[in-house]
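Trainee: Following this line is protein-v6.txt, made up of compact mmCIF, C-alpha atoms and all ligand atoms:
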```txt
# COMPACT_ATOMS: atom_id res chain seq x y z
CA MET A 1 0.00 0.00 0.00
CA LEU A 2 2.67 2.44 1.16
CA GLN A 3 4.87 1.57 -1.79
CA LYS A 4 2.01 2.15 -4.24
CA LEU A 5 1.01 5.41 -2.59
CA LEU A 6 4.51 6.86 -2.73
CA GLY A 7 5.46 5.18 -6.02
CA LEU A 8 8.36 3.32 -4.39
CA PRO A 9 10.07 0.36 -6.05
CA ILE A 10 9.60 -3.06 -4.48
CA ASN A 11 11.54 -3.64 -1.29
CA ALA A 12 13.96 -6.55 -1.16
CA SER A 13 16.11 -5.48 1.76
CA GLU A 14 16.05 -6.22 5.46
CA ARG A 15 16.10 -2.51 6.35
CA GLY A 16 13.85 -1.42 3.50
CA ALA A 17 10.66 -1.27 5.53
CA GLN A 18 12.29 1.07 8.06
CA MET A 19 13.48 3.30 5.25
CA ASP A 20 10.01 3.37 3.70
CA ARG A 21 8.48 4.32 7.03
CA LEU A 22 10.97 7.16 7.32
CA ILE A 23 10.05 8.33 3.82
CA LEU A 24 6.38 8.25 4.85
CA TYR A 25 7.06 10.28 8.04
CA VAL A 26 8.95 12.88 6.04
CA HIS A 27 6.00 13.15 3.65
CA ILE A 28 3.54 13.52 6.53
CA LEU A 29 5.73 16.20 8.11
CA MET A 30 5.88 18.06 4.79
CA VAL A 31 2.09 17.91 4.39
CA VAL A 32 1.66 19.29 7.92
CA LEU A 33 4.16 22.10 7.22
CA PHE A 34 2.55 22.84 3.86
CA VAL A 35 -0.97 23.04 5.26
CA GLY A 36 0.23 25.01 8.31
CA TRP A 37 2.16 27.62 6.36
CA ILE A 38 -0.52 27.97 3.64
CA THR A 39 -3.12 28.53 6.37
CA PHE A 40 -0.91 31.12 8.02
CA PHE A 41 -0.27 32.80 4.66
CA LEU A 42 -4.01 32.97 3.84
CA TYR A 43 -4.72 34.31 7.35
CA THR A 44 -2.18 37.14 6.94
CA LEU A 45 -3.62 38.01 3.50
CA PHE A 46 -7.04 38.32 5.13
CA ARG A 47 -5.97 39.91 8.41
CA PHE A 48 -3.80 42.59 6.82
CA ARG A 49 -6.06 43.33 3.88
CA LYS A 50 -6.28 46.90 2.56
CA GLY A 51 -9.89 47.36 3.68
CA ARG A 52 -8.92 46.94 7.31
CA ASN A 53 -5.49 48.54 7.13
CA PRO A 54 -5.73 51.54 4.79
CA ARG A 55 -2.39 52.98 6.03
CA ALA A 56 0.85 51.08 6.38
CA ASP A 57 2.22 50.76 9.91
CA TYR A 58 5.80 52.05 9.88
CA THR A 59 6.57 51.13 13.48
CA GLY A 60 5.89 47.40 13.30
CA VAL A 61 6.39 44.97 16.15
CA LYS A 62 8.05 46.37 19.29
CA THR A 63 8.51 43.27 21.45
CA HIS A 64 11.45 40.92 20.99
CA ALA A 65 9.32 37.79 21.38
CA SER A 66 9.82 36.65 17.77
CA SER A 67 13.61 37.06 17.99
CA TYR A 68 13.74 34.99 21.19
CA LEU A 69 11.53 32.41 19.53
CA GLU A 70 13.84 32.16 16.53
CA VAL A 71 16.91 31.74 18.73
CA ALA A 72 15.10 29.05 20.71
CA ILE A 73 14.13 27.18 17.55
CA ALA A 74 17.70 27.38 16.22
CA ALA A 75 19.00 26.04 19.56
CA ILE A 76 16.53 23.14 19.53
CA GLU A 77 17.54 22.28 15.97
CA VAL A 78 21.23 22.29 16.87
CA VAL A 79 20.53 19.93 19.79
CA LEU A 80 18.49 17.60 17.55
CA LEU A 81 21.14 17.53 14.85
CA VAL A 82 24.39 17.52 16.85
CA GLY A 83 23.06 15.80 19.95
CA ILE A 84 20.89 13.08 18.39
CA SER A 85 20.99 12.74 14.59
CA ILE A 86 24.73 12.84 13.92
CA PRO A 87 25.72 10.42 16.75
CA PHE A 88 22.83 8.11 15.82
CA TRP A 89 23.82 8.14 12.15
CA SER A 90 27.50 7.50 12.85
CA TRP A 91 26.56 4.62 15.15
CA LYS A 92 24.16 3.19 12.58
CA VAL A 93 26.48 3.38 9.55
CA SER A 94 29.52 2.06 11.36
CA ALA A 95 27.70 -1.02 12.70
CA PHE A 96 29.16 -3.28 10.06
CA PRO A 97 28.16 -6.92 9.90
CA THR A 98 30.78 -9.10 11.53
CA GLU A 99 29.26 -12.38 10.42
CA PRO A 100 31.90 -14.57 8.79
CA ASN A 101 29.47 -15.40 6.00
CA ALA A 102 29.12 -11.77 4.88
CA VAL A 103 29.87 -11.25 1.19
CA HIS A 104 32.48 -8.61 0.41
CA VAL A 105 32.44 -6.93 -2.97
CA ARG A 106 34.13 -3.88 -4.43
CA VAL A 107 32.44 -1.66 -6.94
CA ILE A 108 34.62 0.54 -9.10
CA ALA A 109 32.53 3.04 -11.02
CA GLN A 110 33.67 4.68 -14.23
CA GLN A 111 32.15 6.61 -17.09
CA PHE A 112 29.80 4.83 -17.86
CA ALA A 113 29.82 1.42 -16.24
CA TRP A 114 30.12 -0.46 -12.97
CA ASN A 115 33.11 -2.77 -12.48
CA ILE A 116 32.34 -5.39 -9.87
CA HIS A 117 35.31 -6.99 -8.08
CA TYR A 118 35.00 -10.16 -5.96
CA PRO A 119 37.94 -11.38 -3.82
CA GLY A 120 37.43 -14.99 -4.92
CA PRO A 121 37.71 -18.13 -2.71
CA ASP A 122 40.69 -16.79 -0.71
CA GLY A 123 38.56 -13.87 0.50
CA ILE A 124 41.33 -11.34 -0.14
CA PHE A 125 41.10 -8.65 -2.79
CA GLY A 126 44.07 -8.79 -5.13
CA ARG A 127 46.31 -5.78 -5.61
CA THR A 128 45.22 -3.25 -8.20
CA ASP A 129 47.47 -0.76 -9.92
CA ILE A 130 46.51 2.16 -12.07
CA LYS A 131 49.43 1.33 -14.41
CA LEU A 132 47.86 -2.02 -15.22
CA VAL A 133 44.52 -0.55 -16.25
CA ASN A 134 43.51 -1.62 -19.72
CA GLU A 135 40.01 -0.55 -20.70
CA GLU A 136 39.56 -3.66 -22.85
CA SER A 137 41.06 -6.48 -20.82
CA ASN A 138 41.69 -5.19 -17.30
CA PRO A 139 39.46 -2.22 -16.45
CA ILE A 140 40.36 -2.16 -12.73
CA GLY A 141 44.10 -2.81 -13.17
CA LEU A 142 44.14 -6.09 -11.25
CA ASP A 143 47.64 -7.50 -10.80
CA ARG A 144 46.90 -11.13 -11.70
CA LYS A 145 50.55 -12.00 -12.37
CA GLY A 146 52.23 -10.22 -9.47
CA ASP A 147 49.85 -10.83 -6.58
CA PRO A 148 48.85 -14.40 -5.64
CA HIS A 149 45.64 -13.06 -4.03
CA ALA A 150 44.56 -11.61 -7.38
CA LYS A 151 44.65 -14.93 -9.25
CA ASP A 152 41.21 -16.09 -8.10
CA ASP A 153 39.53 -12.68 -8.15
CA ILE A 154 36.38 -12.30 -10.20
CA VAL A 155 35.75 -9.09 -12.11
CA THR A 156 32.46 -8.51 -13.92
CA LEU A 157 31.01 -5.63 -15.86
CA ASN A 158 27.64 -4.33 -14.68
CA GLN A 159 26.71 -7.70 -13.17
CA LEU A 160 26.43 -7.81 -9.40
CA HIS A 161 25.43 -11.16 -7.95
CA LEU A 162 24.62 -11.56 -4.25
CA PRO A 163 23.28 -14.47 -2.22
CA VAL A 164 19.96 -13.99 -0.45
CA ASN A 165 19.75 -13.53 3.35
CA ARG A 166 23.48 -12.98 3.78
CA PRO A 167 24.93 -9.59 4.73
CA ALA A 168 26.54 -7.84 1.77
CA VAL A 169 29.35 -5.36 2.34
CA ILE A 170 30.08 -3.28 -0.72
CA GLU A 171 33.08 -0.98 -0.93
CA ILE A 172 32.52 1.76 -3.44
CA THR A 173 35.01 3.83 -5.37
CA THR A 174 35.43 5.36 -8.82
CA LYS A 175 38.13 5.68 -11.46
CA ASP A 176 37.16 9.08 -12.77
CA VAL A 177 34.43 11.47 -11.66
CA ILE A 178 31.94 11.25 -8.80
CA HIS A 179 29.20 8.68 -9.39
CA SER A 180 26.52 7.43 -7.03
CA PHE A 181 25.85 3.75 -6.49
CA PHE A 182 22.11 3.32 -6.15
CA LEU A 183 20.20 0.08 -5.55
CA PRO A 184 16.56 1.18 -5.34
CA VAL A 185 15.22 -2.24 -4.29
CA MET A 186 17.77 -2.37 -1.43
CA ARG A 187 17.11 1.24 -0.44
CA VAL A 188 20.81 2.06 -0.48
CA LYS A 189 22.62 4.89 -2.21
CA GLN A 190 26.21 5.97 -1.78
CA ASP A 191 28.39 8.41 -3.68
CA ALA A 192 31.47 6.97 -5.34
CA VAL A 193 34.30 9.43 -4.75
CA PRO A 194 37.72 9.28 -6.48
CA GLY A 195 40.47 8.19 -4.10
CA MET A 196 38.06 6.93 -1.44
CA LEU A 197 36.81 3.43 -0.69
CA ILE A 198 33.44 3.87 0.98
CA PRO A 199 31.72 0.80 2.43
CA ILE A 200 27.97 0.24 2.69
CA HIS A 201 26.06 -2.80 3.89
CA PHE A 202 22.63 -4.37 3.62
CA ILE A 203 20.92 -7.78 3.61
CA PRO A 204 18.96 -8.84 0.53
CA THR A 205 15.83 -10.69 1.60
CA LYS A 206 14.37 -11.68 -1.77
CA THR A 207 15.87 -13.53 -4.69
CA SER A 208 15.52 -12.11 -8.19
CA ASN A 209 12.95 -14.82 -8.91
CA GLU A 210 10.85 -13.68 -5.95
CA MET A 211 11.15 -10.05 -7.03
CA ARG A 212 10.14 -11.03 -10.57
CA GLU A 213 7.12 -12.88 -9.19
CA GLU A 214 6.13 -9.74 -7.29
CA LEU A 215 6.37 -7.64 -10.45
CA ALA A 216 4.75 -10.15 -12.80
CA PHE A 217 1.61 -9.24 -14.71
CA THR A 218 -0.60 -10.67 -17.43
CA LEU A 219 -0.12 -9.33 -20.91
CA THR A 220 -2.62 -9.65 -23.71
CA LEU A 221 -1.18 -10.64 -27.06
CA PRO A 222 -0.50 -9.36 -29.65
CA ALA A 223 1.45 -6.87 -27.58
CA THR A 224 1.92 -3.25 -28.47
CA LYS A 225 5.02 -2.75 -26.38
CA ASP A 226 8.49 -4.19 -26.71
CA LEU A 227 8.64 -7.60 -25.02
CA ASP A 228 12.41 -7.86 -24.92
CA PRO A 229 13.07 -6.81 -21.30
CA TYR A 230 10.50 -9.35 -20.04
CA VAL A 231 10.64 -13.07 -19.44
CA SER A 232 7.85 -15.59 -19.34
CA MET A 233 6.68 -16.61 -15.88
CA GLU A 234 5.38 -19.97 -17.07
CA ASP A 235 5.92 -22.64 -19.72
CA TYR A 236 3.66 -22.04 -22.69
CA LYS A 237 2.97 -24.97 -24.99
CA ALA A 238 1.33 -25.32 -28.37
CA ALA A 239 -1.65 -27.67 -28.80
CA ASP A 240 0.66 -30.52 -29.87
CA GLY A 241 2.73 -30.16 -26.71
CA THR A 242 5.83 -28.43 -28.11
CA VAL A 243 7.11 -25.80 -25.75
CA LEU A 244 6.87 -22.35 -27.35
CA VAL A 245 8.50 -20.47 -24.50
CA LYS A 246 9.99 -21.76 -21.27
CA LYS A 247 9.61 -20.22 -17.87
CA GLY A 248 12.28 -17.60 -17.29
CA HIS A 249 13.09 -17.16 -20.97
CA LEU A 250 12.90 -13.95 -22.93
CA ILE A 251 9.94 -13.55 -25.25
CA SER A 252 11.08 -12.47 -28.70
CA LYS A 253 8.81 -10.96 -31.33
CA GLU A 254 8.84 -14.31 -33.17
CA THR A 255 7.86 -16.23 -30.04
CA ALA A 256 5.04 -13.78 -29.38
CA ALA A 257 3.80 -14.30 -32.94
CA LYS A 258 3.97 -18.10 -32.49
CA LEU A 259 2.01 -17.87 -29.24
CA VAL A 260 -0.72 -15.91 -30.99
CA THR A 261 -0.96 -18.41 -33.86
CA SER A 262 -1.25 -21.21 -31.27
CA GLY A 263 -4.23 -19.47 -29.77
CA ILE A 264 -2.47 -18.19 -26.64
CA THR A 265 -3.47 -14.57 -26.22
CA SER A 266 -2.53 -13.86 -22.62
CA VAL A 267 0.84 -14.54 -21.01
CA ARG A 268 2.18 -13.89 -17.55
CA ILE A 269 5.46 -12.02 -17.80
CA GLY A 270 7.96 -10.44 -15.44
CA PRO A 271 10.96 -8.14 -15.88
CA HIS A 272 14.17 -9.86 -16.99
CA TYR A 273 16.15 -7.78 -14.48
CA PRO A 274 13.87 -6.92 -11.56
CA ALA A 275 16.69 -5.06 -9.80
CA GLU A 276 19.04 -2.55 -11.35
CA ILE A 277 22.06 -0.53 -10.29
CA ALA A 278 21.51 3.08 -11.20
CA CYS A 279 23.97 5.96 -11.15
CA ALA A 280 22.35 8.66 -9.02
CA GLN A 281 24.84 11.38 -9.85
CA LEU A 282 24.85 13.19 -13.18
CA CYS A 283 28.32 12.08 -14.25
CA GLY A 284 28.61 12.97 -17.92
CA LEU A 285 26.93 12.79 -21.30
CA SER A 286 26.11 9.08 -21.15
CA HIS A 287 25.07 9.08 -17.50
CA TYR A 288 21.67 7.69 -18.53
CA ARG A 289 23.15 4.44 -19.78
CA MET A 290 25.26 3.79 -16.69
CA ARG A 291 23.08 0.94 -15.69
CA GLY A 292 24.04 -2.25 -13.96
CA TYR A 293 22.12 -5.30 -12.91
CA LEU A 294 21.71 -6.84 -9.50
CA THR A 295 20.87 -10.52 -9.32
CA VAL A 296 20.01 -11.95 -5.92
CA ASP A 297 20.51 -15.70 -6.02
CA SER A 298 19.55 -18.53 -3.74
CA GLU A 299 22.55 -19.94 -1.87
CA LYS A 300 22.80 -22.76 -4.41
CA ASP A 301 22.51 -20.55 -7.49
CA TYR A 302 25.07 -18.16 -6.07
CA ALA A 303 27.58 -20.94 -5.49
CA ALA A 304 26.96 -22.14 -9.04
CA TRP A 305 27.47 -18.64 -10.43
CA VAL A 306 30.73 -18.21 -8.49
CA LYS A 307 31.96 -21.58 -9.73
CA ASP A 308 31.07 -20.61 -13.28
CA GLN A 309 33.09 -17.42 -12.97
CA GLU A 310 36.03 -19.27 -11.43
CA ASP A 311 35.95 -21.88 -14.18
CA SER A 312 36.07 -19.22 -16.86
CA LEU A 313 39.17 -17.78 -15.16
CA GLU A 314 41.08 -21.03 -15.49
CA GLU A 315 40.47 -21.36 -19.20
CU CU B 1 27.72 7.75 -13.13
```
Could you spell out this file's structure in structure tokens?
Ligand SMILES: [Cu+2]

Mentor:
Amino acid sequence: MLQKLLGLPINASERGAQMDRLILYVHILMVVLFVGWITFFLYTLFRFRKGRNPRADYTGVKTHASSYLEVAIAAIEVVLLVGISIPFWSWKVSAFPTEPNAVHVRVIAQQFAWNIHYPGPDGIFGRTDIKLVNEESNPIGLDRKGDPHAKDDIVTLNQLHLPVNRPAVIEITTKDVIHSFFLPVMRVKQDAVPGMLIPIHFIPTKTSNEMREELAFTLTLPATKDLDPYVSMEDYKAADGTVLVKKGHLISKETAAKLVTSGITSVRIGPHYPAEIACAQLCGLSHYRMRGYLTVDSEKDYAAWVKDQEDSLEE
């Protein structure tokens, strides 16, 4: 309900509900302020209308009550901010997960992509060196030959995989300008600043399949919109039993046409990538296409994905 009302993306993070509640409170506070100030404004328009006040009053207010009030408000705000908010925030953001099963990942932003760096089975990030950067073959300058810890490291482009229900610690940096790492479904956003490695953490609570299920809808064929970013949520078979499209597979224009000729006119579909990494900082001309993909896997799928990546390293 809340998500619909505020137009929020689905929530797939352990802390997401808290964040959404905070967003709601801020909205309520803004409505109260808006109504309050508009009422006050309308009152002053009425109270100080020309008909009642034909001559301007050049003396104005003589008491200092409003000045004292302003000082008091400023003092209260300082106490709230310095006394409560800042200490609370610093305590909250520095409470990093200590669980041994936490997944550590580095994200190195650049114009206009996200390089994702995993430490591999040894759990230690290999050395990187700016001199080794090669935009084609080694975008983060990983020293695979010189550092034994770098040998098993996995580096992907725009593909972030995380296991469900395990704390994820992501260290964020950038090669060029300031970017901002934004995972809307996890309710996390952090600027990527050159020369700094800034960690964030969260716990994904839904797999991509679960998110897809939440976003699935029924589409009537023939479709007017592009079907490419969507996958089928079920197996669809022709009358003779041949599978036209399998669950989880993309629906091409040809497949859609085949479905229609087989008499299937409504299909349940879901987004291919239910969770994206967005850049939340205007970082250059192609900022709009700086788009990565987050896949939250089950424990088993994640292990299989890691193995796949490791195998492709050995080849
Ligand atoms: Cu960017």

Trainee: I'd like to know which of A:Phe46, A:Phe96, A:Phe181, A:Tyr118 is closest to ligand CU 1 (chain B), using only C-alpha atoms and all ligand atoms.

Mentor: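 The closest residue to ligand CU 1 (chain B) is A:Phe181.
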
Trainee: Compute the distance from (10.6, -14.3, -26.5) to each atom, counting only C-alpha atoms, keep the residues with any atom at most 9 Å away, and return them as a PyMOL selection string; use the coordinates of the file.

Mentor: chain A and resi 227-228+230-232+244-245+249-256

Trainee: When the cut-off is 12 Å and you count all atoms listed in the file, which residues lie near ligand CU 1 (chain B), shown as a ChimeraX atom specification?

Mentor: /A:108-115,173-182,190-193,277-292

Trainee: List as a VMD selection string the residues having at least one atom at most 8 Å from position (19.7, -14.9, 0.7) as given in the file, counting all atoms listed in the file.

Mentor: chain A and resid 162 to 166 203 to 207 296 to 299

Trainee: So the first atom is CA of Asp301 (chain A) and the second is CA of Asp235 (chain A); what is the distance between them in Å, to one decimal place?

Mentor: 20.7 Å

Trainee: Could you list, as a ChimeraX atom specification, every residue within 6 Å of Arg268 (chain A), counting only C-alpha atoms and ignoring same-chain residues fewer than 2 positions away?

Mentor: /A:217-218,233

Trainee: Interatomic distance between CA of His272 (chain A) and CA of Asp226 (chain A)?

Mentor: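 Going from CA of His272 (chain A) over to CA of Asp226 (chain A), I get 12.6 Å.
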
Trainee: With all atoms listed in the file as the atoms that count, which of A:Gly141, A:Pro274, A:Pro148, A:Gly248 lies nearest to Asp122 (chain A)?

Mentor: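 When distances to Asp122 (chain A) are compared using all atoms listed in the file, the smallest one comes from A:Pro148.
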
Trainee: Can you list, as a ChimeraX atom specification, every protein, DNA or RNA residue that comes within 8 Å of region 259-263 of chain A when you count only C-alpha atoms, leaving out same-chain residues fewer than 4 positions away?

Mentor: /A:221-222,236,238-239,244,255

Trainee: Taking all atoms listed in the file into account, name the residue in A:Gly123, A:Pro139, A:Gly270, A:Pro167 that is nearest to Ile200 (chain A).

Mentor: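 Of A:Gly123, A:Pro139, A:Gly270, A:Pro167, the one nearest Ile200 (chain A), counting all atoms listed in the file, is A:Pro167.
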
Trainee: Let me know the centre plus edge lengths, in Å and rounded to one decimal, of a box with edges along x, y and z that contains all listed atoms of region 14-25 of chain A and is padded by 3 Å on every side, as AutoDock Vina command-line options.

Mentor:
```
--center_x 11.2 --center_y 2.0 --center_z 5.8 --size_x 15.7 --size_y 22.5 --size_z 10.6
```

Trainee: Could you tell me which of A:Ala75, A:Leu6, A:Val103, A:Leu215 comes closest to Ala303 (chain A) if we count all atoms listed in the file?

Mentor: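 Looking only at the distances to Ala303 (chain A), the closest residue turns out to be A:Val103.
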
Trainee: If you measure from CA of Met30 (chain A) to CA of Met1 (chain A), what distance in Å do you get, rounded to one decimal?

Mentor: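 Interatomic distance here is 19.6 Å.
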
Trainee: Counting all atoms listed in the file, figure out which residue out of A:Pro271, A:Pro54, A:Gly146, A:Gly83 gets nearest to Glu214 (chain A).

Mentor: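 The closest residue to Glu214 (chain A) is A:Pro271.
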